[in-house]
Amino acid sequence: MPSRKRIAVIPGDGIGREVIPQAVKVIRATGADVDLSDFDWGADRYLRDRMTVPPDGFAMLARDFDAIFVGAFGDPRVPTNIHAKEILLGMRFKMDLYANVRPVRLLDAALCPLKGLEPKDLDFVVIRENTEGVYTDAGGVFKQGTQDEVAIQEDINTRKGVERIIRYAFEYCERHTHLDASKRQRVLMCDKSNAMTHAGGLWQRVFKEVSAEYPQITPQHMYVDALCMQMVRDPRQFDVIVTNNMFGDIITDLAAGLQGGLGMAASGNIHPGKTSMFEPVHGSAPPIAGKNMANPFGAMLTAAMMLGHLGLMREAAKIEAAVLEAVRQKKTTQDIGGSLGTQETGDWLADLVRP
């Protein structure tokens with residue numbers, strides 16, 4: 001097995017085409033032992049030749065690469081966003097990237113809209129089921145465009161899918177408990193089982209069964225509406241949260257607001273032992289695309305997360321430390337209090353991480 005890690009880079013659309021190159025520049029500056037290959041999948045390619053993903057695209061990524069680094073998708077020139085659906089959701093579903101892992105960390109108190117919160121108070125992770133739920137697009141529309149129109153969106157939950165994401169959460173917690181005895185000792189399952197009784201019942205039963213296998217970890221439960229309230233009221237109480245696809249999508253955007261906005265948020269789409277994909281949480285943000293305004297820190301922290309996943313811990317730590325130093329010195333974009341552009345922020349970090 002070659003030691004050099006192979007990473008596919010897909011910047012995508014909008015600000016993805018600005019922030020991903022800055023993160024790549026920082027990866028290269030660390031001296032990480034990686035090969036990076038660029039792919040032009042996105043709106044420009046789709047508008048040129050109507051290609052979203054080559055016929056063997058996902059198989060090629062799984063076969064030839066150790067990780068995939070993805071930007072954002074969405075372009076007003078493609079109103080249906082068919083390319084975004086086929087590339088991003090296709091990658092998650094067809095490559096079975098079932099665990100969406102989103103760390104929520106506050107780097108500086110000035111970034112948090114909640115008064116009195118310090119970095120030590122905001123440090124949890126949301127683990128979101130990534131291949132089921134309402135995002136499977138099961139359902140349909142009957143009598144569309146009439147007064148009798150009916151729209152059905154099915155929420156798909158399988159025993160296999162629910163069990164493996166809950167088990168992943170407990171194993172994640174267990175790994176981090178060994179790394180730091182003061183952290184990652186609780187797994188909280190979030191659902192809406194008081195209203196969604198069929199799906200919620202499955203999640204409740206499986207969570208109870210799996211949690212019994214990890215007696216050293218404290219199991220907890222909250223309904224999603226209560227969780228949102230508590231996340232704003234006192235986020236210090238959270239450790240590891242596991243939930244379904246839709247709830248995970250919603251609560252992680254709320255959580256991103258606590259750490260400085262979507263521009264600070266990182267995520268990984270993981271299948272243990274297989275090629276996994278890493279993407280910053282923010283979207284393509286067409287209104288600010290091409291203006292050198294986009295915050296590249298979400299992409300850089302995602303890059304660090306990816307390198308850590310690949311075993312390149314030293315390089316990952318250097319990037320995380322550099323982002324923290326940039327925030328402290330306000331060498332950032334305007335959205336988080338600095339005066340630099342996207343490219344200038346990337347240049348500053350690249351200089352800082354060079355050996």
# chains A, B, ... in the order shown; residues from 1 in each chain; ligands from 1
call {"tool": "residues_around", "arguments": {"residues": "Val210 in chain A", "least_positions_apart": "3", "cutoff": "8 Å", "atoms": "only C-alpha atoms", "output": "ChimeraX atom specification"}}
result
/A:163,166-167,206-207,213-214
call {"tool": "residues_around", "arguments": {"residues": "Leu262 in chain A", "least_positions_apart": "6", "cutoff": "7 Å", "atoms": "only C-alpha atoms", "output": "ChimeraX atom specification"}}
result
/A:253,256,281-282
call {"tool": "select_by_dssp", "arguments": {"residues": "range 200-265 of chain A", "states": "alpha helix (DSSP H)", "output": "PyMOL selection string"}}
result
chain A and resi 200-211+224-233+245-258
call {"tool": "residues_around", "arguments": {"residues": "Asp44 in chain A", "least_positions_apart": "5", "cutoff": "12 Å", "atoms": "only C-alpha atoms", "output": "compact mmCIF listing (two decimals) with C-alpha atoms, in the first residue's frame"}}
result
# COMPACT_ATOMS: atom_id res chain seq x y z
CA PRO A 11 -14.51 22.72 -5.77
CA GLY A 12 -18.04 22.79 -7.18
CA ASP A 13 -19.87 26.11 -7.59
CA GLY A 14 -19.96 29.65 -6.25
CA ARG A 17 -14.38 27.65 -6.25
CA PHE A 39 -12.21 17.55 -10.99
CA ASP A 49 -22.02 19.40 -21.84
CA ARG A 50 -24.92 18.38 -19.53
CA MET A 51 -22.64 16.01 -17.62
CA THR A 52 -23.06 15.84 -13.86
CA PHE A 73 -22.98 23.10 -5.10
CA GLY A 74 -25.77 25.33 -6.34
CA ASP A 75 -25.96 27.84 -9.18
CA PRO A 76 -28.87 30.07 -10.26
CA ARG A 77 -28.10 29.21 -13.88
CA VAL A 78 -29.30 25.67 -13.08
CA HIS A 83 -26.12 18.72 -10.88
CA ALA A 84 -25.96 19.37 -7.13
call {"tool": "closest_residue", "arguments": {"among": "A:Ser37, A:Thr332, A:Thr218, A:Gln22", "to": "Lys183 in chain A", "atoms": "only C-alpha atoms"}}
result
A:Thr218
call {"tool": "closest_atom_pairs", "arguments": {"of": "range 215-289 of chain A", "to": "range 295-316 of chain A", "cutoff": "6 Å", "atoms": "only C-alpha atoms", "output": "Markdown table"}}
result
| residue | atom | partner | partner_atom | distance |
| --- | --- | --- | --- | --- |
| A:Gly263 | CA | A:Gly298 | CA | 5.1 |
| A:Met264 | CA | A:Gly298 | CA | 4.2 |
| A:Ala265 | CA | A:Gly298 | CA | 4.7 |
| A:Ala266 | CA | A:Thr302 | CA | 4.6 |
| A:Ser267 | CA | A:Thr302 | CA | 6.0 |
| A:Pro280 | CA | A:Ala299 | CA | 5.0 |
call {"tool": "closest_residue", "arguments": {"among": "A:His198, A:Val101, A:Gly90, A:Thr243", "to": "Val162 in chain A", "atoms": "only C-alpha atoms"}}
result
A:Thr243
call {"tool": "closest_residue", "arguments": {"among": "A:Ala169, A:Met222, A:Leu324, A:Leu122", "to": "Gln237 in chain A", "atoms": "only C-alpha atoms"}}
result
A:Leu122
call {"tool": "atom_distance", "arguments": {"atom1": "CA of Gln230 in chain A", "atom2": "CA of Gly337 in chain A"}}
result
27.2 Å
call {"tool": "atom_distance", "arguments": {"atom1": "CA of Ala322 in chain A", "atom2": "CA of Thr30 in chain A"}}
result
10.7 Å
call {"tool": "decode", "arguments": {"residues": "range 20-52 of chain A", "atoms": "C-alpha atoms", "output": "mmCIF file, in the first residue's frame"}}
result
data_model
loop_
_atom_site.group_PDB
_atom_site.id
_atom_site.type_symbol
_atom_site.label_atom_id
_atom_site.label_comp_id
_atom_site.auth_asym_id
_atom_site.auth_seq_id
_atom_site.Cartn_x
_atom_site.Cartn_y
_atom_site.Cartn_z
ATOM 1 C CA ILE A 20 -11.413 25.149 -1.674
ATOM 2 C CA PRO A 21 -8.309 26.408 -3.563
ATOM 3 C CA GLN A 22 -7.291 28.365 -0.457
ATOM 4 C CA ALA A 23 -7.627 25.244 1.691
ATOM 5 C CA VAL A 24 -5.653 23.254 -0.883
ATOM 6 C CA LYS A 25 -2.943 25.920 -0.766
ATOM 7 C CA VAL A 26 -2.741 25.510 2.996
ATOM 8 C CA ILE A 27 -2.636 21.702 2.742
ATOM 9 C CA ARG A 28 0.298 21.968 0.318
ATOM 10 C CA ALA A 29 2.045 24.477 2.572
ATOM 11 C CA THR A 30 2.051 22.006 5.487
ATOM 12 C CA GLY A 31 4.127 19.599 3.406
ATOM 13 C CA ALA A 32 1.506 16.868 3.807
ATOM 14 C CA ASP A 33 2.383 13.712 1.896
ATOM 15 C CA VAL A 34 -0.610 13.830 -0.438
ATOM 16 C CA ASP A 35 -1.443 13.879 -4.124
ATOM 17 C CA LEU A 36 -4.334 16.194 -5.023
ATOM 18 C CA SER A 37 -6.281 15.750 -8.269
ATOM 19 C CA ASP A 38 -8.810 18.347 -9.463
ATOM 20 C CA PHE A 39 -12.205 17.555 -10.986
ATOM 21 C CA ASP A 40 -14.448 20.093 -12.730
ATOM 22 C CA TRP A 41 -17.793 18.580 -11.722
ATOM 23 C CA GLY A 42 -20.256 21.397 -11.155
ATOM 24 C CA ALA A 43 -22.550 23.901 -12.816
ATOM 25 C CA ASP A 44 -20.018 25.117 -15.419
ATOM 26 C CA ARG A 45 -19.396 21.584 -16.624
ATOM 27 C CA TYR A 46 -23.117 20.775 -16.599
ATOM 28 C CA LEU A 47 -23.983 23.858 -18.635
ATOM 29 C CA ARG A 48 -21.230 23.041 -21.098
ATOM 30 C CA ASP A 49 -22.022 19.400 -21.844
ATOM 31 C CA ARG A 50 -24.925 18.383 -19.530
ATOM 32 C CA MET A 51 -22.640 16.009 -17.622
ATOM 33 C CA THR A 52 -23.065 15.838 -13.858
#
